[in-house]
Amino acid sequence: MKEQNASARIQELLGRMTLQEKIGQLNQQNICAYADNVEEIKQEIREGKIGSLLFSGSAIPENGGTEAFDLDFTRELQAAAMESRLQIPLLLGRDVIHGFETVFPIPLMMAASFDDRLIEECYSALAQEAGNAGVRWAFAPMLDLSRDPRWGRVIEGPGEDPLLGSRYAASAVRGFQGDSPAQEGRLLACAKHFIGYGASEGGRDYHHTEISNYALQNQYLPAFRAAVRAGVGSVMASFNELSGQPVTGSRRLLTEVLRDQLGFDGFVVSDWGGVEQLEAQGIAENGADCARLALQAGVDMDMADQCFARHLEAEVKAGRVAMEELDRAVERVLQAKLRAGLFRQPVRDAVKTDRAKHRALARRIAGESMVLLKNEQSLLPLSKKGRVALTGCMAQNRESLMGAWTPDGDADSVITLEEGIRAVAPELELFTESSPLFGDMTAVMEQADTVILALGESARASGEFHCLADISLPEDQAALALRARRLGKKVVGLLCFGRPIALGDTLSLFDAILYTGHAGCEAGRAAAELLFGDRNPSGHLAMTLPRSVGQLPLYYNAAPSGRPVNGYYTECRNYIDESGAPLYPFGYGLSYTSFQVEKAELEQETLSLSELAAGKQAVVHIRVTNTGERDGDTVLQLYLRDPAASLTRPLRELKAYERRTLPAGETADFVFRLGMEELGYYLPDGTLTLEKGEIRLFAGFDAWAEKCVRLQII
């Protein structure tokens, strides 16, 4: 629908709507197909009291906690909407985080692939599958910058880096929405949680966050800025209180920053119960205050708590909320429904999906996401004809390999690690034991030359309201690794944890470590292909792996100090009992081959501010050679260091990366172009700036990159 016609349609509808119908469009209610209030909800829809439905029985993402639904049920609901006076269709939403029928790796692991195109393809597949069940709106991608792996929701986002998060954001939005969310097989995306939720103090969910305006602009906003530029249709306000302001009630954040600075033109939905909780957060005296403050801050739709539905009518009639404010929110919701094609087609017929193709995508991104952390004496890849024992809590696990937030996934469809190994290496002498008893597992290990320990955590140990105080390797799992070591076996650790963990001294118990994460329905096959050399590992960490819990939060792009307080890039000790350096840095990942940066140079070593302001770019050429004997994928990373600026800039900032396949022995030239935005930084008020002086650029394969070129800005 052309913009002019769409605007006219919306104004025509607004002119006909009663106050109650307007408020109804801002009211989202949760629903389950088997709940006892379905008929009651349908009647409220007919009366124009509900504008959106959330398919969920709970705000907590435990697998199996949310009933499934189907296209027939969504037809029933839209039919009720078509029986309403104005026949305005419903916007039907679902938590499509990283899986539907096909379950892909958790987002933190997908980000570790550094493969923008593949991530986009995965989200496109999710849009098709969810759309076939009637979903038209996905509550994803989650773009919270996360620096503390104790926080359970770290698994849902792309990690600790603003650039990686930005490119992930754009890929996910394009995958969901395509050229238009109205197209067949596409959904409306929702960038969440705006803003700062990932900085919850101590890794405790829903806790206080304190972020300076400078850090907000340069660390926490970039992913949302990228989502807005990619055309994201909706944004979800975060639960948290940020520097004294609960975000759901903050006009500065939801209007001045999100809309005025970033240019967002879609609609804002609260998180589950986020409007009503403003009272508990101490800025509202009652529900009426909550509703008024949220609407005037910039929240357009109230999720689940019905605070708008209960209080806005009285607030408007009393003059405390202007009709123009209410109409503005209703207009945004109606515009989203038009944009999603709901007025033309409230329920779309199911499209033909290639499930085999989707499974192949899941296997490919799982393989690209897994990170080889350690490989002493080139133990991996293993021979397919050896004697191998497979044991540990994740060896036959299915459900937790999917990860949290997979209410529509089928655990029976997950390929276990044992099944994957047997399929990839059918001639292998494989000894297994599903018993968790220590003696039984020891007996299995004694029969083999090499022991694969499938270790990990339940999917229920992560996700919303599922945080951990201790992210060390669990004691019983460390004991199993110690037993394998004492038996004189070669030990391979498959670490199936959703979050980064602190291995500490247990690192020495393993000869090789493959960090698989919660890798989805193809986890077992993807891991086996890497273990036995059918594929070459190529994942790179999206978050720093600490040595110990006491180092947290630990991240590569910290600020410098005049004193040795940040030991990330040195062996200085921040603590009497611990190094300041991580166990493995951001961007780290080994391969079965080796790569070397041969040369890095700038086309021009000097550029003026006026040239850059006019659009000129610094062009960096980097020559990389595969110096090993196997073909492999590498992820070349380019980091920036500005040693003297008006405001302190981080020790390193990732500014470009490219994933590429290099045959053994071959050399390739990578070209990175850095403009004003890549070289500069944002001031606390949101102004982009760049100053004269030297810029250092480091090329390599993780945050410890060493090959340096120097650009002079004059």
# chains A, B, ... in the order shown; residues from 1 in each chain; ligands from 1

call {"tool": "residues_around", "arguments": {"residues": "range 86-91 of chain A", "least_positions_apart": "2", "cutoff": "8 Å", "atoms": "only C-alpha atoms", "output": "PyMOL selection string"}}
result
chain A and resi 13+17+50-53+77-78+81-84+93+136-137+337+342-343+346

call {"tool": "residues_around", "arguments": {"residues": "Glu129 in chain A", "least_positions_apart": "2", "cutoff": "9 Å", "atoms": "only C-alpha atoms", "output": "PyMOL selection string"}}
result
chain A and resi 100-102+124-127+131-133+135+185+350-351+353

call {"tool": "write_last_selection", "arguments": {"atoms": "N, CA, C and O atoms", "output": "CSV table (one decimal), in the first residue's frame"}}
result
chain,number,residue,atom,x,y,z
A,100,PHE,N,12.1,-22.7,15.6
A,100,PHE,CA,10.7,-23.0,15.6
A,100,PHE,C,10.6,-24.5,15.4
A,100,PHE,O,11.0,-25.3,16.3
A,101,GLU,N,10.2,-25.1,14.3
A,101,GLU,CA,10.3,-26.5,14.1
A,101,GLU,C,11.8,-26.9,14.0
A,101,GLU,O,12.2,-27.9,14.5
A,102,THR,N,12.5,-26.1,13.2
A,102,THR,CA,14.0,-26.3,13.1
A,102,THR,C,14.6,-25.4,14.2
A,102,THR,O,14.3,-24.2,14.3
A,124,SER,N,15.5,-16.2,8.1
A,124,SER,CA,14.5,-16.3,7.0
A,124,SER,C,13.8,-17.7,7.1
A,124,SER,O,12.6,-17.7,6.9
A,125,ALA,N,14.5,-18.7,7.4
A,125,ALA,CA,13.9,-20.1,7.6
A,125,ALA,C,12.9,-20.0,8.8
A,125,ALA,O,11.8,-20.6,8.7
A,126,LEU,N,13.3,-19.4,9.9
A,126,LEU,CA,12.5,-19.3,11.0
A,126,LEU,C,11.2,-18.5,10.7
A,126,LEU,O,10.1,-18.9,11.2
A,127,ALA,N,11.3,-17.4,9.9
A,127,ALA,CA,10.1,-16.7,9.5
A,127,ALA,C,9.1,-17.5,8.8
A,127,ALA,O,7.9,-17.5,9.0
A,131,GLY,N,5.6,-18.4,10.4
A,131,GLY,CA,4.5,-17.9,9.7
A,131,GLY,C,3.5,-18.9,9.3
A,131,GLY,O,2.3,-18.6,9.2
A,132,ASN,N,3.9,-20.1,9.1
A,132,ASN,CA,3.0,-21.2,8.7
A,132,ASN,C,2.1,-21.6,9.9
A,132,ASN,O,1.1,-22.3,9.7
A,133,ALA,N,2.5,-21.2,11.1
A,133,ALA,CA,1.6,-21.4,12.2
A,133,ALA,C,0.7,-20.2,12.6
A,133,ALA,O,0.0,-20.2,13.5
A,135,VAL,N,2.0,-17.0,13.0
A,135,VAL,CA,2.7,-15.9,13.7
A,135,VAL,C,3.0,-14.8,12.6
A,135,VAL,O,3.5,-15.1,11.5
A,185,GLY,N,6.0,-15.6,3.7
A,185,GLY,CA,7.2,-16.2,4.4
A,185,GLY,C,8.0,-15.2,5.2
A,185,GLY,O,9.1,-15.5,5.6
A,350,ALA,N,-0.3,-21.4,4.5
A,350,ALA,CA,1.0,-22.0,4.7
A,350,ALA,C,1.8,-22.0,3.4
A,350,ALA,O,1.2,-22.4,2.4
A,351,VAL,N,3.1,-21.7,3.5
A,351,VAL,CA,3.9,-21.8,2.3
A,351,VAL,C,4.7,-23.1,2.4
A,351,VAL,O,4.9,-23.7,3.5
A,353,THR,N,7.7,-25.2,2.7
A,353,THR,CA,9.0,-25.1,3.3
A,353,THR,C,9.8,-26.3,3.0
A,353,THR,O,9.3,-27.4,3.1

call {"tool": "residues_around", "arguments": {"residues": "Ala80 in chain A", "least_positions_apart": "6", "cutoff": "9 Å", "atoms": "only C-alpha atoms", "output": "VMD selection string"}}
result
chain A and resid 42 to 46 87 89

call {"tool": "residues_around", "arguments": {"residues": "Thr687 in chain A", "least_positions_apart": "5", "cutoff": "12 Å", "atoms": "only C-alpha atoms", "output": "PyMOL selection string"}}
result
chain A and resi 213-214+217-218+257+261-262+677+680-682

call {"tool": "atom_distance", "arguments": {"atom1": "CA of Leu494 in chain A", "atom2": "CA of Ile452 in chain A"}}
result
7.0 Å

call {"tool": "select_by_dssp", "arguments": {"residues": "range 643-691 of chain A", "states": "strand (DSSP E)", "output": "PDB file with C-alpha atoms, in the first residue's frame"}}
result
ATOM      1  CA  GLU A 653      37.470  -1.742  19.153  1.00  0.00           C
ATOM      2  CA  LEU A 654      36.477  -4.242  16.469  1.00  0.00           C
ATOM      3  CA  LYS A 655      35.840  -2.211  13.330  1.00  0.00           C
ATOM      4  CA  ALA A 656      35.696  -4.793  10.533  1.00  0.00           C
ATOM      5  CA  TYR A 657      35.768  -8.528   9.935  1.00  0.00           C
ATOM      6  CA  GLU A 658      35.386 -10.934   7.067  1.00  0.00           C
ATOM      7  CA  ARG A 659      34.941 -14.674   6.973  1.00  0.00           C
ATOM      8  CA  ARG A 660      36.561 -16.416   4.006  1.00  0.00           C
ATOM      9  CA  THR A 661      37.607 -19.897   2.891  1.00  0.00           C
ATOM     10  CA  LEU A 662      41.291 -20.306   2.053  1.00  0.00           C
ATOM     11  CA  THR A 667      47.162 -16.322   0.009  1.00  0.00           C
ATOM     12  CA  ALA A 668      44.240 -13.906  -0.165  1.00  0.00           C
ATOM     13  CA  ASP A 669      43.949 -10.136  -0.024  1.00  0.00           C
ATOM     14  CA  PHE A 670      41.326  -8.683   2.307  1.00  0.00           C
ATOM     15  CA  VAL A 671      40.213  -5.082   1.874  1.00  0.00           C
ATOM     16  CA  PHE A 672      38.532  -3.131   4.674  1.00  0.00           C
ATOM     17  CA  ARG A 673      37.133   0.390   4.248  1.00  0.00           C
ATOM     18  CA  LEU A 674      36.718   2.604   7.296  1.00  0.00           C
ATOM     19  CA  TYR A 681      33.002   7.829  18.118  1.00  0.00           C
ATOM     20  CA  TYR A 682      29.823   9.290  19.570  1.00  0.00           C
ATOM     21  CA  LEU A 688      29.409  11.590  15.859  1.00  0.00           C
ATOM     22  CA  THR A 689      32.906  13.040  16.089  1.00  0.00           C
TER      23      THR A 689
END

call {"tool": "closest_residue", "arguments": {"among": "A:Glu184, A:Glu464, A:Asp511, A:Glu201", "to": "Ala340 in chain A", "atoms": "only C-alpha atoms"}}
result
A:Glu184

call {"tool": "select_by_dssp", "arguments": {"residues": "range 16-103 of chain A", "states": "helix (DSSP H, G or I)", "output": "list in words"}}
result
Arg16, Leu19, Gln20, Glu21, Lys22, Ile23, Gly24, Gln25, Val38, Glu39, Glu40, Ile41, Lys42, Gln43, Glu44, Ile45, Arg46, Leu71, Asp72, Phe73, Thr74, Arg75, Glu76, Leu77, Gln78, Ala79, Ala80, Ala81 and Met82 of chain A

call {"tool": "residues_around", "arguments": {"residues": "Thr625 in chain A", "least_positions_apart": "4", "cutoff": "7 Å", "atoms": "only C-alpha atoms", "output": "number ranges by chain"}}
result
A: 595-598, 665-668

call {"tool": "write_last_selection", "arguments": {"atoms": "all heavy atoms", "output": "CSV table (one decimal), in the first residue's frame"}}
result
chain,number,residue,atom,x,y,z
A,595,PHE,N,46.7,-19.9,10.0
A,595,PHE,CA,46.7,-18.7,9.2
A,595,PHE,C,47.6,-17.6,9.7
A,595,PHE,O,47.9,-17.6,10.9
A,595,PHE,CB,45.2,-18.1,9.2
A,595,PHE,CG,44.2,-19.1,8.7
A,595,PHE,CD1,43.5,-19.9,9.5
A,595,PHE,CD2,44.0,-19.2,7.3
A,595,PHE,CE1,42.5,-20.8,9.1
A,595,PHE,CE2,43.0,-20.1,6.8
A,595,PHE,CZ,42.3,-20.9,7.7
A,596,GLN,N,48.1,-16.9,8.8
A,596,GLN,CA,49.1,-15.9,9.1
A,596,GLN,C,48.9,-14.6,8.4
A,596,GLN,O,48.6,-14.6,7.1
A,596,GLN,CB,50.5,-16.3,8.8
A,596,GLN,CG,51.6,-15.4,9.2
A,596,GLN,CD,53.0,-16.0,9.1
A,596,GLN,OE1,53.2,-17.1,9.4
A,596,GLN,NE2,54.0,-15.2,8.6
A,597,VAL,N,48.9,-13.4,9.1
A,597,VAL,CA,48.8,-12.1,8.4
A,597,VAL,C,50.2,-11.8,7.9
A,597,VAL,O,51.1,-11.6,8.7
A,597,VAL,CB,48.3,-11.0,9.4
A,597,VAL,CG1,48.4,-9.7,8.7
A,597,VAL,CG2,46.9,-11.4,9.9
A,598,GLU,N,50.4,-11.8,6.6
A,598,GLU,CA,51.7,-11.6,6.0
A,598,GLU,C,52.0,-10.1,5.9
A,598,GLU,O,53.2,-9.7,6.1
A,598,GLU,CB,51.7,-12.2,4.6
A,598,GLU,CG,51.3,-13.6,4.5
A,598,GLU,CD,52.5,-14.5,5.0
A,598,GLU,OE1,53.5,-14.0,5.3
A,598,GLU,OE2,52.3,-15.8,5.0
A,665,GLY,N,47.8,-23.4,1.7
A,665,GLY,CA,49.0,-22.8,1.0
A,665,GLY,C,48.6,-21.6,0.2
A,665,GLY,O,49.6,-20.9,-0.3
A,666,GLU,N,47.4,-21.2,0.1
A,666,GLU,CA,47.0,-20.0,-0.7
A,666,GLU,C,47.0,-18.8,0.1
A,666,GLU,O,46.8,-18.8,1.3
A,666,GLU,CB,45.7,-20.3,-1.4
A,666,GLU,CG,45.8,-21.3,-2.5
A,666,GLU,CD,44.6,-21.2,-3.5
A,666,GLU,OE1,43.9,-20.2,-3.4
A,666,GLU,OE2,44.5,-22.1,-4.3
A,667,THR,N,47.2,-17.7,-0.6
A,667,THR,CA,47.2,-16.3,0.0
A,667,THR,C,46.0,-15.5,-0.6
A,667,THR,O,45.7,-15.6,-1.8
A,667,THR,CB,48.5,-15.6,-0.3
A,667,THR,OG1,49.6,-16.3,0.3
A,667,THR,CG2,48.5,-14.2,0.3
A,668,ALA,N,45.4,-14.7,0.3
A,668,ALA,CA,44.2,-13.9,-0.2
A,668,ALA,C,44.4,-12.5,0.3
A,668,ALA,O,45.0,-12.3,1.4
A,668,ALA,CB,42.9,-14.5,0.3

call {"tool": "closest_residue", "arguments": {"among": "A:Phe73, A:Phe698, A:Phe224, A:Trp704", "to": "Pro141 in chain A", "atoms": "only C-alpha atoms"}}
result
A:Phe224

call {"tool": "residues_around", "arguments": {"residues": "Glu571 in chain A", "least_positions_apart": "2", "cutoff": "7 Å", "atoms": "only C-alpha atoms", "output": "list of chain:residue names"}}
result
A:Gly567, A:Arg573, A:Ser579, A:Gly580, A:Ala581

call {"tool": "write_last_selection", "arguments": {"atoms": "C-alpha atoms", "output": "compact mmCIF listing (two decimals), in the first residue's frame"}}
result
# COMPACT_ATOMS: atom_id res chain seq x y z
CA GLY A 567 45.38 -6.93 32.41
CA ARG A 573 47.76 -9.18 38.07
CA SER A 579 45.79 -12.87 36.43
CA GLY A 580 44.06 -9.97 34.74
CA ALA A 581 44.11 -11.73 31.39

call {"tool": "closest_residue", "arguments": {"among": "A:Gly298, A:Pro553, A:Gly520, A:Gly587", "to": "Val371 in chain A", "atoms": "only C-alpha atoms"}}
result
A:Gly587

call {"tool": "decode", "arguments": {"residues": "range 252-265 of chain A", "atoms": "all heavy atoms", "output": "mmCIF file, in the first residue's frame"}}
result
data_model
loop_
_atom_site.group_PDB
_atom_site.id
_atom_site.type_symbol
_atom_site.label_atom_id
_atom_site.label_comp_id
_atom_site.auth_asym_id
_atom_site.auth_seq_id
_atom_site.Cartn_x
_atom_site.Cartn_y
_atom_site.Cartn_z
ATOM 1 N N ARG A 252 13.068 10.219 27.731
ATOM 2 C CA ARG A 252 14.399 10.502 27.176
ATOM 3 C C ARG A 252 14.897 9.334 26.338
ATOM 4 O O ARG A 252 15.407 9.514 25.234
ATOM 5 C CB ARG A 252 15.392 10.804 28.297
ATOM 6 C CG ARG A 252 16.795 11.158 27.774
ATOM 7 C CD ARG A 252 17.760 11.400 28.907
ATOM 8 N NE ARG A 252 18.201 10.167 29.521
ATOM 9 C CZ ARG A 252 19.227 9.426 29.061
ATOM 10 N NH1 ARG A 252 19.873 9.780 27.966
ATOM 11 N NH2 ARG A 252 19.591 8.334 29.698
ATOM 12 N N LEU A 253 14.738 8.118 26.856
ATOM 13 C CA LEU A 253 15.273 6.951 26.153
ATOM 14 C C LEU A 253 14.377 6.493 25.008
ATOM 15 O O LEU A 253 14.852 6.203 23.909
ATOM 16 C CB LEU A 253 15.504 5.806 27.149
ATOM 17 C CG LEU A 253 16.595 6.057 28.195
ATOM 18 C CD1 LEU A 253 16.553 5.001 29.280
ATOM 19 C CD2 LEU A 253 17.971 6.095 27.538
ATOM 20 N N LEU A 254 13.063 6.413 25.246
ATOM 21 C CA LEU A 254 12.163 5.845 24.246
ATOM 22 C C LEU A 254 11.761 6.827 23.160
ATOM 23 O O LEU A 254 11.368 6.411 22.063
ATOM 24 C CB LEU A 254 10.902 5.300 24.929
ATOM 25 C CG LEU A 254 11.115 4.125 25.874
ATOM 26 C CD1 LEU A 254 9.785 3.671 26.460
ATOM 27 C CD2 LEU A 254 11.802 2.961 25.170
ATOM 28 N N THR A 255 11.843 8.117 23.441
ATOM 29 C CA THR A 255 11.475 9.109 22.424
ATOM 30 C C THR A 255 12.691 9.905 21.950
ATOM 31 O O THR A 255 13.017 9.921 20.765
ATOM 32 C CB THR A 255 10.391 10.053 22.961
ATOM 33 O OG1 THR A 255 9.206 9.288 23.232
ATOM 34 C CG2 THR A 255 10.055 11.127 21.933
ATOM 35 N N GLU A 256 13.392 10.546 22.866
ATOM 36 C CA GLU A 256 14.495 11.411 22.461
ATOM 37 C C GLU A 256 15.658 10.616 21.859
ATOM 38 O O GLU A 256 16.248 11.031 20.856
ATOM 39 C CB GLU A 256 14.971 12.241 23.652
ATOM 40 C CG GLU A 256 13.930 13.234 24.145
ATOM 41 C CD GLU A 256 14.350 13.924 25.433
ATOM 42 O OE1 GLU A 256 15.541 13.830 25.810
ATOM 43 O OE2 GLU A 256 13.479 14.556 26.078
ATOM 44 N N VAL A 257 15.999 9.466 22.459
ATOM 45 C CA VAL A 257 17.106 8.671 21.928
ATOM 46 C C VAL A 257 16.645 7.754 20.798
ATOM 47 O O VAL A 257 17.171 7.797 19.690
ATOM 48 C CB VAL A 257 17.776 7.847 23.053
ATOM 49 C CG1 VAL A 257 18.849 6.917 22.464
ATOM 50 C CG2 VAL A 257 18.408 8.772 24.087
ATOM 51 N N LEU A 258 15.653 6.901 21.073
ATOM 52 C CA LEU A 258 15.230 5.908 20.084
ATOM 53 C C LEU A 258 14.642 6.556 18.833
ATOM 54 O O LEU A 258 15.016 6.206 17.707
ATOM 55 C CB LEU A 258 14.216 4.956 20.717
ATOM 56 C CG LEU A 258 13.626 3.882 19.800
ATOM 57 C CD1 LEU A 258 14.709 2.970 19.240
ATOM 58 C CD2 LEU A 258 12.576 3.055 20.546
ATOM 59 N N ARG A 259 13.731 7.474 19.003
ATOM 60 C CA ARG A 259 13.058 8.046 17.833
ATOM 61 C C ARG A 259 13.815 9.241 17.255
ATOM 62 O O ARG A 259 14.099 9.282 16.058
ATOM 63 C CB ARG A 259 11.629 8.452 18.201
ATOM 64 C CG ARG A 259 10.751 7.244 18.532
ATOM 65 C CD ARG A 259 9.274 7.599 18.562
ATOM 66 N NE ARG A 259 8.472 6.427 18.903
ATOM 67 C CZ ARG A 259 8.123 5.484 18.045
ATOM 68 N NH1 ARG A 259 8.494 5.571 16.775
ATOM 69 N NH2 ARG A 259 7.386 4.451 18.437
ATOM 70 N N ASP A 260 14.143 10.213 18.113
ATOM 71 C CA ASP A 260 14.744 11.444 17.597
ATOM 72 C C ASP A 260 16.184 11.236 17.140
ATOM 73 O O ASP A 260 16.587 11.744 16.089
ATOM 74 C CB ASP A 260 14.678 12.547 18.656
ATOM 75 C CG ASP A 260 13.243 12.890 19.048
ATOM 76 O OD1 ASP A 260 12.315 12.527 18.293
ATOM 77 O OD2 ASP A 260 13.046 13.505 20.117
ATOM 78 N N GLN A 261 16.981 10.497 17.927
ATOM 79 C CA GLN A 261 18.378 10.285 17.550
ATOM 80 C C GLN A 261 18.543 9.160 16.528
ATOM 81 O O GLN A 261 19.192 9.345 15.499
ATOM 82 C CB GLN A 261 19.230 9.974 18.780
ATOM 83 C CG GLN A 261 19.559 11.166 19.644
ATOM 84 C CD GLN A 261 20.553 10.810 20.739
ATOM 85 O OE1 GLN A 261 21.288 9.824 20.664
ATOM 86 N NE2 GLN A 261 20.582 11.614 21.788
ATOM 87 N N LEU A 262 17.957 8.000 16.820
ATOM 88 C CA LEU A 262 18.173 6.850 15.942
ATOM 89 C C LEU A 262 17.254 6.863 14.725
ATOM 90 O O LEU A 262 17.519 6.167 13.744
ATOM 91 C CB LEU A 262 17.973 5.538 16.709
ATOM 92 C CG LEU A 262 18.881 5.289 17.921
ATOM 93 C CD1 LEU A 262 18.759 3.837 18.373
ATOM 94 C CD2 LEU A 262 20.328 5.628 17.631
ATOM 95 N N GLY A 263 16.164 7.615 14.779
ATOM 96 C CA GLY A 263 15.265 7.696 13.641
ATOM 97 C C GLY A 263 14.270 6.559 13.536
ATOM 98 O O GLY A 263 13.733 6.289 12.453
ATOM 99 N N PHE A 264 13.983 5.867 14.649
ATOM 100 C CA PHE A 264 13.039 4.756 14.620
ATOM 101 C C PHE A 264 11.628 5.260 14.345
ATOM 102 O O PHE A 264 11.161 6.207 14.977
ATOM 103 C CB PHE A 264 13.081 4.019 15.953
ATOM 104 C CG PHE A 264 12.073 2.908 16.079
ATOM 105 C CD1 PHE A 264 12.125 1.812 15.231
ATOM 106 C CD2 PHE A 264 11.078 2.967 17.046
ATOM 107 C CE1 PHE A 264 11.199 0.786 15.343
ATOM 108 C CE2 PHE A 264 10.154 1.938 17.175
ATOM 109 C CZ PHE A 264 10.211 0.852 16.315
ATOM 110 N N ASP A 265 10.918 4.610 13.393
ATOM 111 C CA ASP A 265 9.569 5.053 13.043
ATOM 112 C C ASP A 265 8.516 3.962 13.210
ATOM 113 O O ASP A 265 7.386 4.098 12.733
ATOM 114 C CB ASP A 265 9.526 5.581 11.602
ATOM 115 C CG ASP A 265 9.883 4.525 10.567
ATOM 116 O OD1 ASP A 265 10.192 3.370 10.960
ATOM 117 O OD2 ASP A 265 9.862 4.838 9.364
#
